[in-house]
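Asks: Input: one structure, supplied below.
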Amino acid sequence: MSGTYNPGGEGAPIESLDQLTAYFAAGEKPDTAFRIGTEHEKFGFALGDHTPLPFRAEGPSVEKMLSGLERFGWQPVREGGELIALKRDGASITLEPGGQFELSGAPLETIHQTCAEVNSHLREVREVADEIGAGFLGLGFSPKWSLEETPMMPKARYGLMKAYMPKVGTMGHQMMFRSCTVQTNLDFSTEADMAKKFRVSLALQPLATALFANSPFKDGGLHGFLSYRAHVWTDTDNNRTGMLPFVFDEGFGYEQYRDWALDVPMYFVKRKGEYLDATGKSFRDFLDGRLDVVPGEKPVLSDWEDHLSTVFPEVRLKTFLEMRGADSGPWNTLCALPAFWVGLLYDNTALDAAWDLVKDWTEAERDALRIGAAKTGLHTPFRDGTLQDIAREALAIARSGLRARARQNGHGESETLFLDDLDEIVRTGRTRAEDLIDRFKGEWDGSIEPVFTECAY
């Protein structure tokens, strides 16, 4: 489920809307073929002075990290002559705008395999980082560096996005350069299965935000949020983000998502490896051959794939579903998030129970949970209780779903072991962010510097 690399413009022109719809349907597969994709981002920093890694430098740098990882069989990917990504066996390592290192894992069958992949990756990263004097942080938001101090990676699309973001929201640059997430990508069998999984995961995305809240710091101090990363998304670009209320409409399916995505303004068109500025322009005009940056041309399928990669709702549909609501965190959370979603969505009995849990929630309630979870986590009020009450039910459902899958490791342990990390959070209602806040106020004595040791991989 990792990204693909193409120069753009190759293939036959798209001649009908049905071809766009068919793109989503092509993702359908039998449940025996369901796979799990896990992606996570992390902040690189120099061990000596805790500054962010520049792309290129005499000291530790992003370029040296990428080059060093090639020894493990990763193949280089270049743009404009610069090394900007690596790929290996269905997985990729890519760069976010501020140098955040992202592993997009290969599609795997079990959480055991996912966790092994994460551990192997972090070992490789640690080996290279130790050699060059770098470290990596598992947090959802940059704890110290300002936007001005954060470098920009040499990827053309990021230049276009940086110029466009201030036109459509107040926190787009914060999202681009200072946030990190962990994400799970999961499959569906039919259009109806997609719709049900989309609705359940979208409704429960604020719960994931709360359970994995891990970004209480900004500019060296506290800011009043448990997940500042989630707060940033509330005013990044509301044309392409949010809770997508139409997903809960009767009859929702591929066409409805297609039509929404078509009306999201474009970022770019890629041709011969060059990114052409199409910010704010219409993909519908592109379909009609009326896009001024490529006059007379119609899009090809890779243009549609590129456009879909620039929409950022809390759950995103491609040929699979992406769960996008969680902060990045320590290694165990990188295994707990896919376990949580697989338990809820990959067993039909669990999926039915999860749908029963959320099906009568209103649009206003879902939106309130999204806003509240970023600030108050599991203490967020909901009906006669709090989000912690929902967490207890959802975690029990996820655990039952993983038991029913009965995927065991070589020691005979089930995938439920990866949910153990969430048990204490759900029992107490205290997130990692709240623990970090207490340490900042207590043993750290108001200094942010210990975070570079305590939250490093």
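Identifiers in the structure tokens: chain A, B, ... in order shown; residue index from 1 per chain; ligand index from 1 in order shown.
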Going by DSSP on the backbone, which bits of segment 250-285 of chain A are strand (DSSP E or B)? Write them as a list in words, please.
Replies: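 Answer for segment 250-285 of chain A restricted to strand (DSSP E or B) is Phe268, Val269, Lys270, Arg271, Glu274, Tyr275, Leu276 and Asp277 of chain A.
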Asks: For those residues, write N, CA and C atoms to a file as a compact mmCIF listing (two decimals), in the first residue's frame.
Replies:
# COMPACT_ATOMS: atom_id res chain seq x y z
N PHE A 268 -1.51 20.17 -8.47
CA PHE A 268 -0.50 20.11 -9.52
C PHE A 268 -0.91 19.12 -10.59
N VAL A 269 -0.22 19.19 -11.72
CA VAL A 269 -0.22 18.15 -12.75
C VAL A 269 1.24 17.77 -12.98
N LYS A 270 1.51 16.47 -13.01
CA LYS A 270 2.88 15.99 -13.17
C LYS A 270 3.09 15.54 -14.61
N ARG A 271 4.10 16.10 -15.26
CA ARG A 271 4.44 15.75 -16.63
C ARG A 271 5.95 15.65 -16.80
N GLU A 274 8.04 16.70 -13.99
CA GLU A 274 7.94 18.09 -13.55
C GLU A 274 6.53 18.35 -12.99
N TYR A 275 6.48 19.09 -11.89
CA TYR A 275 5.20 19.45 -11.27
C TYR A 275 4.75 20.81 -11.80
N LEU A 276 3.63 20.82 -12.50
CA LEU A 276 3.07 22.05 -13.04
C LEU A 276 2.04 22.60 -12.06
N ASP A 277 2.11 23.88 -11.80
CA ASP A 277 1.26 24.52 -10.79
C ASP A 277 -0.19 24.58 -11.27
Asks: Can you tell me how far atom CA of Pro143 of chain A sits from atom CA of Phe217 of chain A, in Å to one decimal?
Replies: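 Atom CA of Phe217 of chain A lies at a distance of 4.8 Å from atom CA of Pro143 of chain A.
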Asks: For Gln100 of chain A, find every residue with an atom within 6 Å (counting only C-alpha atoms), except residues of its own chain fewer than 2 positions away, and show them as a PDB file with C-alpha atoms, in the first residue's frame.
Replies:
ATOM      1  CA  GLU A  41       6.340   9.572  10.388  1.00  0.00           C
ATOM      2  CA  LYS A  42       9.080  10.745  12.759  1.00  0.00           C
ATOM      3  CA  PHE A  43      11.173  13.875  13.338  1.00  0.00           C
ATOM      4  CA  LEU A  95      10.063  12.677   3.087  1.00  0.00           C
ATOM      5  CA  GLU A  96       7.379  15.004   4.349  1.00  0.00           C
ATOM      6  CA  GLY A  98       9.840  19.475   6.907  1.00  0.00           C
TER       7      GLY A  98
END
Asks: Residues within 8 Å of Cys335 of chain A, please, as a list in words. Count only C-alpha atoms; anything in the same chain fewer than 6 positions from it doesn't count.
Replies: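 Within the cut-off, the hits are Ile111, Thr114, Cys115, Val118 and Phe418 of chain A.
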Asks: Mind writing the picked residues with N, CA and C atoms as a short mmCIF file (atom, residue, chain, number, x, y, z; two decimals), in the first residue's frame?
Replies:
data_model
loop_
_atom_site.label_atom_id
_atom_site.label_comp_id
_atom_site.auth_asym_id
_atom_site.auth_seq_id
_atom_site.Cartn_x
_atom_site.Cartn_y
_atom_site.Cartn_z
N ILE A 111 -0.79 -8.42 12.12
CA ILE A 111 -0.17 -7.38 12.93
C ILE A 111 1.21 -7.84 13.39
N THR A 114 3.41 -6.76 10.74
CA THR A 114 3.50 -5.30 10.76
C THR A 114 4.48 -4.83 11.83
N CYS A 115 4.37 -5.40 13.03
CA CYS A 115 5.23 -4.99 14.12
C CYS A 115 6.68 -5.39 13.85
N VAL A 118 8.04 -2.77 11.49
CA VAL A 118 8.34 -1.53 12.19
C VAL A 118 9.65 -1.66 12.97
N PHE A 418 -1.21 -6.72 20.97
CA PHE A 418 -0.84 -5.38 20.55
C PHE A 418 -1.83 -4.32 21.05
#
Asks: Can you work out which one of A:Ala373, A:Gly159, A:Pro330, A:Glu322 has the shortest atom-to-atom distance to Asp421 of chain A, counting only C-alpha atoms?
Replies: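 Looking at the shortest contact to Asp421 of chain A, the residue is A:Pro330.
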Asks: Do a neighbour search on Asp285 of chain A at 9 Å with only C-alpha atoms, toss out local chain neighbours closer than 6 positions, and write the hits as a PyMOL selection string.
Replies: chain A and resi 291-292+298
Asks: With distances taken over only C-alpha atoms, which residue among A:Thr150, A:Leu47, A:Gly135, A:Gly140 lies nearest Pro97 of chain A?
Replies: A:Thr150
Asks: I need the alpha helix (DSSP H) residues of segment 182-404 of chain A per DSSP on the backbone, written as a ChimeraX atom specification.
Replies: /A:191-211,228-232,254-262,283-287,301-308,331-345,348-358,363-376,387-404
